[in-house]
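S.K.: Following this message is one structure expressed as structure tokens.
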Amino acid sequence: VQLQASGGGSVQAGDSLRLSCAASGRSISSYDMGWFRHVPGKPREFVAAIKSTSSNAYYGDSVKGRFFISRDNAKNTVYLQMDSLKPEDTAVYLCATFRRGQVYNSFTARLQGMYDYWGQGTLVTVSS
């Protein structure tokens with residue numbers, strides 16, 4: 001599976017962005033999916049995850065209530081709607097597939113080691 005994240009950019013605090021993660025090479029309809037973000041010098045941070053059936057979505061504490069993950073399996077794409085952006089949301093955002101056969105729950109979805117295919121990230125810069 002190849003994943004390509006897009007939709008990043010430079011915005012002002014309070015603005016919104018929608019990121020897309022387009023998959024190719026294989027259907028991701030049976031994959032649970034996740035978004036992480038990375039700031040150089042800091043650990044990769046869990047942002048959101050969604051089950052293959054679009055049920056059981058989980059969010060990182062810092063984005064809960066502001067970000068919303070969704071997917072369109074017909075388009076082989078996962079989205080991350082980001083509202084009320086803050087400067088601390090500035091990061092490279094990456095999408096990944098959750099390892100099939102592993103238990104997906106509120107704990108495991110947050111662990112980057114549970115994900116196998118990772119895409120190239122997209123940079124989001126939020127200025128105050």
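Ordering of the structure tokens sets the chain letters (A, B, ...), residue numbers begin anew at 1 in every chain, and ligands are numbered from 1 in the order given.
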If you run DSSP on this backbone, which residues of chain A come out as strand (DSSP E or B), and could you give them as a ChimeraX atom specification?
M.R.: /A:2-6,9-12,17-24,33-38,45-50,58-59,67-72,77-82,91-98,115-118,120,122-127
S.K.: What gap, in Å, lies between atom CA of A:Pro40 and atom CA of A:Asp15?
M.R.: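 Rounded to one decimal, the two atoms are 23.2 Å apart.
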S.K.: Please provide as a list of chain:residue names all residues within 6 Å of A:Ser52, with the sequence filter that same-chain residues fewer than 3 positions apart are discarded (counting only C-alpha atoms).
M.R.: A:Ser29, A:Ser30, A:Tyr31, A:Asp32
S.K.: Restrict the selected residues to all heavy atoms and save them as a short mmCIF file (atom, residue, chain, number, x, y, z; two decimals), in the first residue's frame.
M.R.:
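That gives us selection-v3.cif:
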```cif
data_model
loop_
_atom_site.label_atom_id
_atom_site.label_comp_id
_atom_site.auth_asym_id
_atom_site.auth_seq_id
_atom_site.Cartn_x
_atom_site.Cartn_y
_atom_site.Cartn_z
N SER A 29 -9.97 -0.51 2.29
CA SER A 29 -11.29 -0.64 2.88
C SER A 29 -11.31 -1.58 4.09
O SER A 29 -12.16 -1.45 4.95
CB SER A 29 -12.30 -1.10 1.83
OG SER A 29 -11.94 -2.38 1.33
N SER A 30 -10.38 -2.51 4.14
CA SER A 30 -10.33 -3.44 5.26
C SER A 30 -9.31 -3.04 6.32
O SER A 30 -9.12 -3.75 7.31
CB SER A 30 -10.00 -4.85 4.75
OG SER A 30 -8.73 -4.87 4.15
N TYR A 31 -8.66 -1.90 6.10
CA TYR A 31 -7.66 -1.41 7.05
C TYR A 31 -8.25 -0.39 8.01
O TYR A 31 -8.96 0.53 7.58
CB TYR A 31 -6.50 -0.73 6.32
CG TYR A 31 -5.51 -1.67 5.66
CD1 TYR A 31 -5.69 -2.08 4.35
CD2 TYR A 31 -4.38 -2.10 6.33
CE1 TYR A 31 -4.77 -2.91 3.73
CE2 TYR A 31 -3.45 -2.93 5.73
CZ TYR A 31 -3.65 -3.33 4.42
OH TYR A 31 -2.73 -4.15 3.81
N ASP A 32 -7.93 -0.52 9.27
CA ASP A 32 -8.11 0.59 10.19
C ASP A 32 -6.98 1.58 9.89
O ASP A 32 -5.88 1.17 9.50
CB ASP A 32 -8.03 0.11 11.63
CG ASP A 32 -9.01 -1.04 11.92
OD1 ASP A 32 -10.11 -1.02 11.35
OD2 ASP A 32 -8.65 -1.94 12.69
#
```
S.K.: Suppose you want the space between atom CA of A:Gly14 and atom CA of A:Asp89; what is it in Å?
M.R.: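 Here the two named atoms are 10.9 Å from each other.
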S.K.: Mind pulling up the distance from atom CA of A:Phe46 to atom CA of A:Thr108?
M.R.: 10.8 Å
